[in-house]
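Chemist: Data: work-v3.csv, CSV, C-alpha atoms and all ligand atoms.
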chain,number,residue,atom,x,y,z
A,203,MET,CA,-39.5,58.8,-15.8
A,204,SER,CA,-36.6,61.1,-15.5
A,205,LYS,CA,-33.3,60.0,-16.9
A,206,PRO,CA,-30.8,58.3,-14.7
A,207,ASP,CA,-27.4,60.1,-14.3
A,208,ILE,CA,-25.8,57.5,-16.5
A,209,PRO,CA,-24.6,56.5,-19.0
A,210,ILE,CA,-21.8,59.0,-19.4
A,211,PRO,CA,-19.5,58.4,-22.3
A,212,GLY,CA,-16.3,56.7,-21.0
A,213,SER,CA,-18.0,56.0,-17.7
A,214,PRO,CA,-17.2,52.6,-16.1
A,215,VAL,CA,-20.9,52.3,-15.2
A,216,MET,CA,-22.6,49.7,-17.4
A,217,PRO,CA,-25.4,51.5,-19.3
A,218,THR,CA,-27.9,48.7,-18.5
A,219,MET,CA,-30.3,49.1,-15.6
A,220,PHE,CA,-31.2,46.1,-13.5
A,221,ASP,CA,-33.6,45.1,-10.8
A,222,GLU,CA,-32.7,43.2,-7.6
A,223,SER,CA,-33.0,39.8,-9.3
A,224,LYS,CA,-30.1,40.4,-11.6
A,225,GLU,CA,-27.3,38.0,-10.9
A,226,ILE,CA,-23.8,39.4,-10.8
A,227,GLN,CA,-20.3,37.8,-10.7
A,228,PHE,CA,-18.3,39.5,-7.9
A,229,SER,CA,-16.2,38.9,-4.8
A,230,CYS,CA,-14.0,41.2,-2.8
A,231,HIS,CA,-11.6,39.7,-0.2
A,232,LYS,CA,-8.3,40.2,1.4
A,233,GLY,CA,-5.5,38.8,-0.7
A,234,ILE,CA,-7.1,39.9,-4.0
A,235,GLY,CA,-4.5,41.6,-6.3
A,236,CYS,CA,-6.4,45.0,-6.3
A,237,TRP,CA,-6.9,45.1,-2.5
A,238,ASN,CA,-7.6,48.8,-1.5
A,239,ALA,CA,-7.4,50.1,-5.1
A,240,CYS,CA,-11.0,51.4,-4.9
A,241,CYS,CA,-10.3,53.3,-1.7
A,242,ALA,CA,-7.1,54.9,-3.1
A,243,ASN,CA,-9.0,57.3,-5.3
A,244,ILE,CA,-12.3,58.3,-3.8
A,245,ASP,CA,-15.3,60.3,-4.8
A,246,ILE,CA,-17.8,59.3,-2.1
A,247,SER,CA,-21.0,61.2,-1.3
A,248,LEU,CA,-22.5,60.8,2.1
A,249,THR,CA,-26.1,60.4,3.3
A,250,PRO,CA,-27.3,61.9,6.6
A,251,TYR,CA,-27.3,58.4,8.1
A,252,ASP,CA,-23.8,57.8,6.9
A,253,ILE,CA,-22.7,60.8,8.9
A,254,ILE,CA,-24.5,59.7,12.0
A,255,ARG,CA,-22.8,56.3,11.9
A,256,LEU,CA,-19.4,57.7,11.3
A,257,LYS,CA,-19.5,60.5,13.8
A,258,LYS,CA,-20.6,58.0,16.4
A,259,ARG,CA,-17.9,55.6,15.4
A,260,LEU,CA,-15.3,58.4,15.8
A,261,GLY,CA,-16.8,59.8,19.0
A,262,ILE,CA,-17.1,63.3,17.7
A,263,SER,CA,-19.9,65.7,17.0
A,264,SER,CA,-21.5,66.0,13.5
A,265,THR,CA,-20.1,69.6,13.3
A,266,GLU,CA,-16.5,68.3,14.0
A,267,PHE,CA,-17.0,65.4,11.5
A,268,LEU,CA,-18.1,67.7,8.8
A,269,ARG,CA,-15.2,70.1,9.4
A,270,GLU,CA,-12.5,67.4,9.6
A,271,TYR,CA,-13.7,64.7,7.2
A,272,THR,CA,-15.9,66.2,4.5
A,273,VAL,CA,-16.2,68.8,1.8
A,274,PRO,CA,-19.5,70.3,0.8
A,275,TYR,CA,-20.6,70.2,-2.9
A,276,GLU,CA,-23.6,71.1,-4.9
A,277,MET,CA,-25.6,68.0,-6.0
A,278,GLU,CA,-27.3,69.9,-8.8
A,279,LYS,CA,-26.6,73.2,-10.2
A,280,ASP,CA,-28.7,75.8,-8.3
A,281,GLY,CA,-27.8,74.3,-5.1
A,282,ILE,CA,-28.9,71.1,-3.5
A,283,ALA,CA,-26.3,70.8,-0.7
A,284,GLY,CA,-24.3,67.6,-0.6
A,285,VAL,CA,-21.4,66.3,1.4
A,286,LYS,CA,-18.4,64.2,0.2
A,287,PHE,CA,-15.5,62.5,2.0
A,288,ARG,CA,-12.4,64.7,2.1
A,289,PRO,CA,-9.5,62.5,1.0
A,290,VAL,CA,-6.0,62.5,2.6
A,291,GLU,CA,-4.0,65.8,2.5
A,292,ASN,CA,-2.6,66.3,-1.0
A,293,GLY,CA,-3.9,62.9,-2.2
A,294,THR,CA,-6.9,61.0,-3.4
A,295,ALA,CA,-7.1,58.1,-0.9
A,296,CYS,CA,-9.7,57.7,1.8
A,297,ARG,CA,-8.6,58.7,5.2
A,298,PHE,CA,-9.9,55.5,6.6
A,299,MET,CA,-7.9,53.2,4.3
A,300,ARG,CA,-5.4,51.0,6.1
A,301,PRO,CA,-3.2,48.2,4.7
A,302,GLU,CA,-5.5,45.6,6.3
A,303,GLY,CA,-8.6,47.3,4.9
A,304,CYS,CA,-11.2,49.8,6.0
A,305,ALA,CA,-10.7,51.3,9.5
A,306,VAL,CA,-14.5,52.0,9.8
A,307,TYR,CA,-15.7,48.9,8.1
A,308,GLU,CA,-18.8,48.3,10.3
A,309,ASP,CA,-19.8,51.9,9.7
A,310,ARG,CA,-18.6,52.4,6.2
A,311,PRO,CA,-20.9,54.7,4.0
A,312,THR,CA,-23.6,53.5,1.7
A,313,ALA,CA,-21.6,54.1,-1.4
A,314,CYS,CA,-18.8,51.9,-0.1
A,315,ARG,CA,-21.3,49.1,0.7
A,316,TYR,CA,-22.9,49.2,-2.7
A,317,TYR,CA,-19.8,49.2,-4.8
A,318,PRO,CA,-19.5,47.8,-7.5
A,319,VAL,CA,-23.3,48.2,-7.7
A,320,ALA,CA,-24.7,51.7,-8.3
A,321,LEU,CA,-28.1,52.6,-6.9
A,322,LEU,CA,-30.2,54.7,-9.3
A,323,SER,CA,-33.1,56.6,-7.8
A,324,MET,CA,-35.6,57.9,-10.3
A,325,ARG,CA,-38.9,59.6,-10.0
A,326,ARG,CA,-41.8,60.4,-12.2
A,327,GLN,CA,-42.3,64.1,-12.8
A,328,ASP,CA,-45.6,64.0,-11.0
A,329,GLU,CA,-44.5,61.8,-8.1
A,330,TYR,CA,-42.7,62.4,-4.9
A,331,THR,CA,-41.4,58.9,-4.3
A,332,ASP,CA,-38.6,57.2,-6.0
A,333,THR,CA,-38.2,53.9,-7.7
A,334,GLN,CA,-34.9,52.1,-7.4
A,335,SER,CA,-32.9,50.3,-10.0
A,336,TYR,CA,-29.3,49.3,-10.2
A,337,ALA,CA,-26.3,49.3,-12.5
A,338,LEU,CA,-23.0,47.7,-12.4
A,339,VAL,CA,-19.7,49.6,-12.2
A,340,LYS,CA,-16.8,47.9,-13.9
A,341,GLU,CA,-13.5,49.6,-13.4
A,342,GLU,CA,-10.4,48.2,-14.9
A,343,HIS,CA,-8.5,48.1,-11.6
A,344,CYS,CA,-11.3,46.1,-9.8
A,345,LYS,CA,-10.5,42.3,-10.1
A,346,GLY,CA,-13.5,41.4,-8.1
A,347,HIS,CA,-15.5,40.9,-11.3
A,348,ASP,CA,-13.1,38.0,-12.3
A,349,GLU,CA,-13.8,36.0,-9.1
A,350,PRO,CA,-16.1,33.0,-9.6
A,351,ARG,CA,-18.8,33.9,-7.1
A,352,ARG,CA,-22.3,34.6,-8.4
A,353,LEU,CA,-25.1,36.2,-6.5
A,354,THR,CA,-28.1,38.4,-7.1
A,355,ILE,CA,-28.1,42.1,-6.4
A,356,ALA,CA,-30.7,41.4,-3.7
A,357,GLU,CA,-28.3,39.0,-2.0
A,358,TYR,CA,-25.4,41.4,-2.4
A,359,ARG,CA,-27.5,44.2,-0.8
A,360,GLN,CA,-28.3,42.0,2.1
A,361,GLU,CA,-24.7,40.9,2.6
A,362,GLN,CA,-23.5,44.5,2.6
A,363,GLY,CA,-26.2,45.6,5.0
A,364,VAL,CA,-27.5,48.4,2.7
A,365,GLU,CA,-31.2,47.8,3.4
A,366,GLU,CA,-31.0,49.6,6.7
A,367,TYR,CA,-29.0,52.4,5.1
A,368,ASP,CA,-31.5,52.8,2.2
A,369,GLU,CA,-34.5,52.7,4.5
A,370,LEU,CA,-33.0,55.5,6.7
A,371,ALA,CA,-32.0,57.6,3.8
A,372,ARG,CA,-35.4,57.4,2.1
A,373,GLY,CA,-36.7,60.7,3.6
A,374,TRP,CA,-33.5,62.5,2.5
A,375,ARG,CA,-33.7,61.0,-1.1
A,376,GLN,CA,-37.3,62.1,-1.3
A,377,LEU,CA,-36.3,65.7,-0.4
A,378,VAL,CA,-33.5,65.7,-3.0
A,379,LEU,CA,-35.8,64.3,-5.7
A,380,LYS,CA,-38.5,66.8,-4.7
A,381,LYS,CA,-36.0,69.6,-5.0
A,382,LYS,CA,-34.8,68.3,-8.4
A,383,SER,CA,-38.3,67.9,-9.8
A,384,ALA,CA,-39.2,71.4,-8.7
A,385,GLY,CA,-37.0,72.4,-11.6
A,386,PRO,CA,-36.0,75.9,-12.8
A,387,ALA,CA,-39.6,77.3,-12.5
A,388,ILE,CA,-39.2,77.4,-8.7
A,389,GLY,CA,-35.8,79.1,-9.1
A,390,ALA,CA,-32.7,78.7,-7.1
A,391,PRO,CA,-33.2,78.2,-3.3
A,392,SER,CA,-32.3,81.1,-1.1
A,393,LEU,CA,-29.1,81.0,0.8
A,394,LYS,CA,-31.1,80.7,4.0
A,395,SER,CA,-33.0,77.6,2.7
A,396,ARG,CA,-29.8,76.0,1.5
A,397,GLN,CA,-28.2,76.6,4.9
A,398,LEU,CA,-31.2,75.1,6.6
A,399,PHE,CA,-31.2,72.1,4.4
A,400,PHE,CA,-27.5,71.6,5.1
A,401,MET,CA,-27.8,71.9,8.8
A,402,ALA,CA,-31.0,69.7,9.1
A,403,CYS,CA,-29.6,67.0,6.8
A,404,TYR,CA,-26.0,66.8,7.7
A,405,ASP,CA,-25.2,68.6,11.0
A,406,ILE,CA,-27.5,66.7,13.3
A,407,ASP,CA,-26.0,68.0,16.5
A,408,THR,CA,-26.5,71.7,15.5
A,409,PHE,CA,-30.0,70.8,14.4
A,410,ARG,CA,-30.6,69.4,17.9
A,411,ASP,CA,-29.6,72.7,19.4
A,412,PHE,CA,-32.0,74.4,16.9
A,413,VAL,CA,-34.9,72.1,17.9
A,414,GLU,CA,-34.1,72.8,21.6
A,415,SER,CA,-34.1,76.6,21.0
A,416,GLU,CA,-36.8,78.9,22.3
A,417,ALA,CA,-37.7,80.2,18.9
A,418,PHE,CA,-38.3,76.7,17.5
A,419,ASN,CA,-40.5,75.7,20.5
A,420,LYS,CA,-42.5,78.8,20.2
A,421,LEU,CA,-43.4,78.0,16.7
A,422,PHE,CA,-43.7,74.2,16.7
A,423,LYS,CA,-45.8,72.3,19.2
A,424,LEU,CA,-43.9,69.2,20.2
A,425,ASP,CA,-45.2,66.5,22.5
A,426,PRO,CA,-42.9,66.3,25.5
A,427,GLU,CA,-42.3,62.6,24.9
A,428,MET,CA,-41.4,63.2,21.3
A,429,ARG,CA,-39.1,66.0,22.3
A,430,ARG,CA,-37.3,63.8,24.8
A,431,MET,CA,-36.9,61.1,22.1
A,432,LEU,CA,-35.5,63.6,19.6
A,433,MET,CA,-33.0,64.9,22.1
A,434,GLU,CA,-31.8,61.4,22.9
A,435,ASP,CA,-31.8,59.7,19.6
A,436,ASP,CA,-29.9,60.9,16.5
A,437,VAL,CA,-31.8,58.7,14.1
A,438,GLU,CA,-35.2,59.8,15.4
A,439,LEU,CA,-34.0,63.4,15.1
A,440,MET,CA,-32.7,62.8,11.6
A,441,GLN,CA,-36.1,61.5,10.5
A,442,PHE,CA,-37.8,64.4,12.2
A,443,SER,CA,-35.5,66.8,10.3
A,444,PHE,CA,-36.8,65.3,7.0
A,445,ARG,CA,-40.4,66.0,8.0
A,446,PHE,CA,-39.4,69.5,9.2
A,447,LEU,CA,-37.7,70.3,5.8
A,448,LYS,CA,-40.7,69.0,3.9
A,449,GLN,CA,-42.9,71.4,5.8
A,450,VAL,CA,-40.7,74.5,5.7
A,451,LEU,CA,-39.3,74.1,2.2
A,452,PHE,CA,-42.4,72.5,0.5
A,453,GLY,CA,-45.3,73.5,2.7
A,454,GLU,CA,-46.2,69.9,3.4
A,455,LYS,CA,-47.7,70.1,6.8
A,456,SER,CA,-47.0,67.3,9.2
A,457,LEU,CA,-45.8,69.2,12.3
A,458,GLU,CA,-48.2,71.1,14.4
A,459,LEU,CA,-47.7,74.8,14.5
A,460,ASP,CA,-48.6,77.2,17.4
A,461,GLU,CA,-51.1,79.3,15.4
A,462,GLU,CA,-50.6,82.4,17.5
A,463,ALA,CA,-46.8,82.2,17.0
A,464,ALA,CA,-47.2,81.4,13.3
A,465,GLN,CA,-49.5,84.5,12.9
A,466,GLU,CA,-47.0,86.6,14.8
A,467,ARG,CA,-44.2,85.4,12.5
A,468,LEU,CA,-46.3,86.0,9.4
A,469,LYS,CA,-47.1,89.5,10.5
A,470,LYS,CA,-43.3,90.2,11.1
A,471,TRP,CA,-42.5,88.8,7.7
A,472,GLN,CA,-45.2,91.0,6.1
A,473,ALA,CA,-44.0,94.0,8.0
A,474,ARG,CA,-40.5,93.3,6.8
A,475,GLN,CA,-41.7,92.9,3.2
A,476,ALA,CA,-43.5,96.3,3.5
A,477,GLU,CA,-40.3,97.9,4.7
A,478,ILE,CA,-38.3,96.4,1.8
A,479,GLU,CA,-40.9,97.7,-0.7
A,480,GLU,CA,-41.0,101.1,0.9
A,481,GLU,CA,-37.2,101.3,0.8
A,482,ALA,CA,-37.2,100.3,-2.9
A,483,ARG,CA,-39.9,102.9,-3.6
A,484,LYS,CA,-37.8,105.6,-1.9
A,485,GLN,CA,-34.7,104.6,-3.8
A,486,ARG,CA,-36.6,104.7,-7.1
A,487,GLU,CA,-37.9,108.2,-6.4
A,488,GLU,CA,-34.5,109.4,-5.4
A,489,TYR,CA,-33.0,107.9,-8.6
A,490,GLU,CA,-35.7,109.6,-10.7
A,491,ARG,CA,-35.2,112.9,-9.0
A,492,ARG,CA,-31.5,112.8,-9.7
A,493,MET,CA,-32.1,111.9,-13.3
A,494,LEU,CA,-34.4,114.8,-13.7
A,495,GLU,CA,-32.0,117.2,-12.0
A,496,GLU,CA,-29.1,116.0,-14.2
A,497,GLY,CA,-31.3,116.2,-17.3
A,498,ILE,CA,-30.6,112.5,-18.3
A,499,ASP,CA,-33.2,110.7,-20.4
A,500,GLU,CA,-33.7,107.4,-18.6
A,501,ASP,CA,-34.1,105.4,-21.8
A,502,ALA,CA,-31.0,106.9,-23.3
A,503,SER,CA,-29.0,105.9,-20.2
A,504,GLY,CA,-29.7,102.3,-20.9
A,505,LEU,CA,-31.0,101.8,-17.4
A,506,ALA,CA,-34.7,101.9,-18.2
A,507,TYR,CA,-36.7,99.9,-15.7
A,508,SER,CA,-40.4,99.3,-15.5
A,509,PRO,CA,-41.7,97.9,-12.2
A,510,ASP,CA,-44.2,96.0,-14.4
A,511,GLU,CA,-41.5,94.0,-16.1
A,512,GLY,CA,-40.7,92.5,-12.7
A,513,GLY,CA,-37.8,90.3,-11.7
A,514,SER,CA,-34.9,92.6,-12.6
A,515,CYS,CA,-34.2,93.9,-9.1
A,516,GLY,CA,-33.4,90.5,-7.8
A,517,LYS,CA,-35.8,90.7,-4.9
A,518,ASP,CA,-38.6,88.2,-4.4
A,601,LIG,S1,-14.7,54.3,4.2
A,601,LIG,FE1,-13.6,52.4,4.1
A,601,LIG,S2,-14.5,51.3,2.3
A,601,LIG,FE2,-15.1,53.5,2.1
A,601,LIG,S3,-13.5,54.4,0.8
A,601,LIG,FE3,-12.9,54.7,3.0
A,601,LIG,S4,-11.6,52.9,3.4
A,601,LIG,FE4,-12.7,52.4,1.6
A,602,LIG,S1,-12.0,43.8,-5.7
A,602,LIG,FE1,-12.7,45.8,-6.3
A,602,LIG,S2,-13.8,46.5,-4.4
A,602,LIG,FE2,-12.5,44.8,-3.8
A,602,LIG,S3,-10.6,45.8,-3.2
A,602,LIG,FE3,-10.4,45.3,-5.3
A,602,LIG,S4,-11.0,47.2,-6.3
A,602,LIG,FE4,-11.8,47.3,-4.3
Show the structure stored in the file as C-alpha cells.
Ligand code: SF4
Ligand code: SF4
Modeler:
Amino acid sequence: MSKPDIPIPGSPVMPTMFDESKEIQFSCHKGIGCWNACCANIDISLTPYDIIRLKKRLGISSTEFLREYTVPYEMEKDGIAGVKFRPVENGTACRFMRPEGCAVYEDRPTACRYYPVALLSMRRQDEYTDTQSYALVKEEHCKGHDEPRRLTIAEYRQEQGVEEYDELARGWRQLVLKKKSAGPAIGAPSLKSRQLFFMACYDIDTFRDFVESEAFNKLFKLDPEMRRMLMEDDVELMQFSFRFLKQVLFGEKSLELDEEAAQERLKKWQARQAEIEEEARKQREEYERRMLEEGIDEDASGLAYSPDEGGSCGKD
C-alpha cells in the first residue's frame, strides 16, 4: 500500500486510520461557540462533481465558476492539476460564509461535508482502484468534538450526504491515483495533457464544446442517443470525461474510434515527428559546420553531445 498523506508533524489530523465502523464523538450546530470558525480559514480542494453542483447552484458556467471562485494548484509535483476554492479578497474566509452559516449548504463541496473526518484514498502499486479509510481531524478551534453526540463514520457519511459525492468522484480519483502510481518513470505530463486533464475534469462546459466539435466527432464514434445524453446532462458528461481521459492518457480503450480517422491522425503525427527529427538533424549539421569553420574542439567547448546518450535535447 502507498502511504497516506498523513501524519504530518504538527498536523491536526489524528495519525490513526479507521474504517467506517469507527464511532466518533461530534456535533456541529448553530449556537455552538465556534460557529463558522472552520469556514474562516479555508484550504478546500474541489472535485469535478463539486464544481458541477456549485456552478449549477450559482447559475453560471463552469468556465465562469473556475475564473471567479477557484485557484488552480498542482496536486503532486510534476503536475496533476487540481482546483481549490479562492477565499475572499485579501482574506482567508470562504466566499460563501454568512453569519447564519453556509450560503450553498445543500451544494457544499465534499471536503466541507466530510469535516472533521478526512477521507484517505490509497492504492496498491499494482492496482488501479483505491481503498478508502478515514482519519479524524481535531483542530483546537473546533468545539464539535466536545459535544456529547456519538455516531459511526458510516452514519456521519450518510448524514452529510457524501456517498453520492464519493460515488461520482470515483472515476476522477482513479485517474489521479493512476497518475500518481505512474511515478517518475513516466515523466512529467506534457502541457497539452495537463490542459486536457484540467478541461475534461473541471471545465465541463468547455469539455462539452470539445465533444461537440467536428474534430472530436471525426475521431470518436458516438452513438446518437449517447451524444444527446452527454449534451444534456453534466453528470453523464463528467463520467464520460473520465473514460475519455483514461483512453487518451493511459491507452485504456473504452471509446470506439473511427479507424480511418485514427490512422489519418497517426500519419499526421508521424509526419510531424519526421519533420521535427529532420529539423534537429539540420540544426546539428549546421552547428557542426560552424564548429569546424571556427576551429572549436567540441569536447573542449563543454557542449559535447552524442545522440546516443539521448534525452538531453528535451524532445520526446
Ligand atoms: S462552502 Fe460552505 S461549508 Fe464549505 S467552507 Fe464555504 S461556507 Fe463553509
Ligand atoms: S463545530 Fe467545528 S465544524 Fe462546526 S462550526 Fe465549529 S469549527 Fe466548524
Chemist: Output as JSON lines one row per residue of chain A within 9 Å of ligand LIG 601 (chain A): the closest atom pair and its distance in Å to one decimal place, counting only C-alpha atoms and all ligand atoms, sorted by chain and residue number ascending.
Modeler:
{"residue": "A:Asn238", "atom": "CA", "partner": "A:LIG601", "partner_atom": "FE4", "distance": 7.0}
{"residue": "A:Ala239", "atom": "CA", "partner": "A:LIG601", "partner_atom": "FE4", "distance": 8.8}
{"residue": "A:Cys240", "atom": "CA", "partner": "A:LIG601", "partner_atom": "FE4", "distance": 6.8}
{"residue": "A:Cys241", "atom": "CA", "partner": "A:LIG601", "partner_atom": "FE4", "distance": 4.2}
{"residue": "A:Ala242", "atom": "CA", "partner": "A:LIG601", "partner_atom": "S3", "distance": 7.5}
{"residue": "A:Asn243", "atom": "CA", "partner": "A:LIG601", "partner_atom": "S3", "distance": 8.1}
{"residue": "A:Ile244", "atom": "CA", "partner": "A:LIG601", "partner_atom": "S3", "distance": 6.1}
{"residue": "A:Asp245", "atom": "CA", "partner": "A:LIG601", "partner_atom": "S3", "distance": 8.3}
{"residue": "A:Ile246", "atom": "CA", "partner": "A:LIG601", "partner_atom": "S3", "distance": 7.1}
{"residue": "A:Phe287", "atom": "CA", "partner": "A:LIG601", "partner_atom": "FE3", "distance": 8.3}
{"residue": "A:Pro289", "atom": "CA", "partner": "A:LIG601", "partner_atom": "FE3", "distance": 8.7}
{"residue": "A:Ala295", "atom": "CA", "partner": "A:LIG601", "partner_atom": "S3", "distance": 7.6}
{"residue": "A:Cys296", "atom": "CA", "partner": "A:LIG601", "partner_atom": "FE3", "distance": 4.5}
{"residue": "A:Arg297", "atom": "CA", "partner": "A:LIG601", "partner_atom": "FE3", "distance": 6.3}
{"residue": "A:Phe298", "atom": "CA", "partner": "A:LIG601", "partner_atom": "S4", "distance": 4.5}
{"residue": "A:Met299", "atom": "CA", "partner": "A:LIG601", "partner_atom": "S4", "distance": 3.8}
{"residue": "A:Arg300", "atom": "CA", "partner": "A:LIG601", "partner_atom": "S4", "distance": 7.0}
{"residue": "A:Gly303", "atom": "CA", "partner": "A:LIG601", "partner_atom": "S4", "distance": 6.5}
{"residue": "A:Cys304", "atom": "CA", "partner": "A:LIG601", "partner_atom": "FE1", "distance": 4.0}
{"residue": "A:Ala305", "atom": "CA", "partner": "A:LIG601", "partner_atom": "FE1", "distance": 6.2}
{"residue": "A:Val306", "atom": "CA", "partner": "A:LIG601", "partner_atom": "FE1", "distance": 5.8}
{"residue": "A:Tyr307", "atom": "CA", "partner": "A:LIG601", "partner_atom": "FE1", "distance": 5.7}
{"residue": "A:Asp309", "atom": "CA", "partner": "A:LIG601", "partner_atom": "S1", "distance": 7.9}
{"residue": "A:Arg310", "atom": "CA", "partner": "A:LIG601", "partner_atom": "S1", "distance": 4.8}
{"residue": "A:Pro311", "atom": "CA", "partner": "A:LIG601", "partner_atom": "S1", "distance": 6.2}
{"residue": "A:Thr312", "atom": "CA", "partner": "A:LIG601", "partner_atom": "FE2", "distance": 8.5}
{"residue": "A:Ala313", "atom": "CA", "partner": "A:LIG601", "partner_atom": "FE2", "distance": 7.4}
{"residue": "A:Cys314", "atom": "CA", "partner": "A:LIG601", "partner_atom": "FE2", "distance": 4.6}
{"residue": "A:Arg315", "atom": "CA", "partner": "A:LIG601", "partner_atom": "S2", "distance": 7.3}
Chemist: Using all atoms listed in the file, which of A:Met401, A:Leu457, A:Ala417, A:Ala283 sits nearest Lys381 of chain A?
Modeler: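 Using all atoms listed in the file, the shortest distance to Lys381 of chain A belongs to A:Ala283.
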Chemist: Can you pull out the residues contacting Leu377 of chain A? Cut-off 8 Å, using all atoms listed in the file, and skip same-chain residues under 4 positions away; I want them as a list in words.
Modeler: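 Skipping anything fewer than 4 positions along the chain leaves Gly373, Lys381, Phe444, Leu447 and Lys448 of chain A.
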Chemist: Can you build me a table of chain A residues sitting at most 7 Å from ligand LIG 602 (chain A), with the closest atom pair per residue and its distance in Å to one decimal, using all atoms listed in the file, sorted by chain and residue number, as CSV?
Modeler:
residue,atom,partner,partner_atom,distance
A:Ser229,CA,A:LIG602,S1,6.5
A:Cys230,CA,A:LIG602,FE2,4.0
A:His231,CA,A:LIG602,FE2,6.3
A:Ile234,CA,A:LIG602,FE3,6.5
A:Cys236,CA,A:LIG602,FE3,4.1
A:Trp237,CA,A:LIG602,S3,3.8
A:Asn238,CA,A:LIG602,S3,4.6
A:Ala239,CA,A:LIG602,S4,4.8
A:Cys240,CA,A:LIG602,FE4,4.2
A:Cys241,CA,A:LIG602,FE4,6.7
A:Tyr317,CA,A:LIG602,S2,6.6
A:Pro318,CA,A:LIG602,S2,6.6
A:His343,CA,A:LIG602,S4,5.9
A:Cys344,CA,A:LIG602,S4,3.7
A:Lys345,CA,A:LIG602,S1,4.9
A:Gly346,CA,A:LIG602,S1,3.7
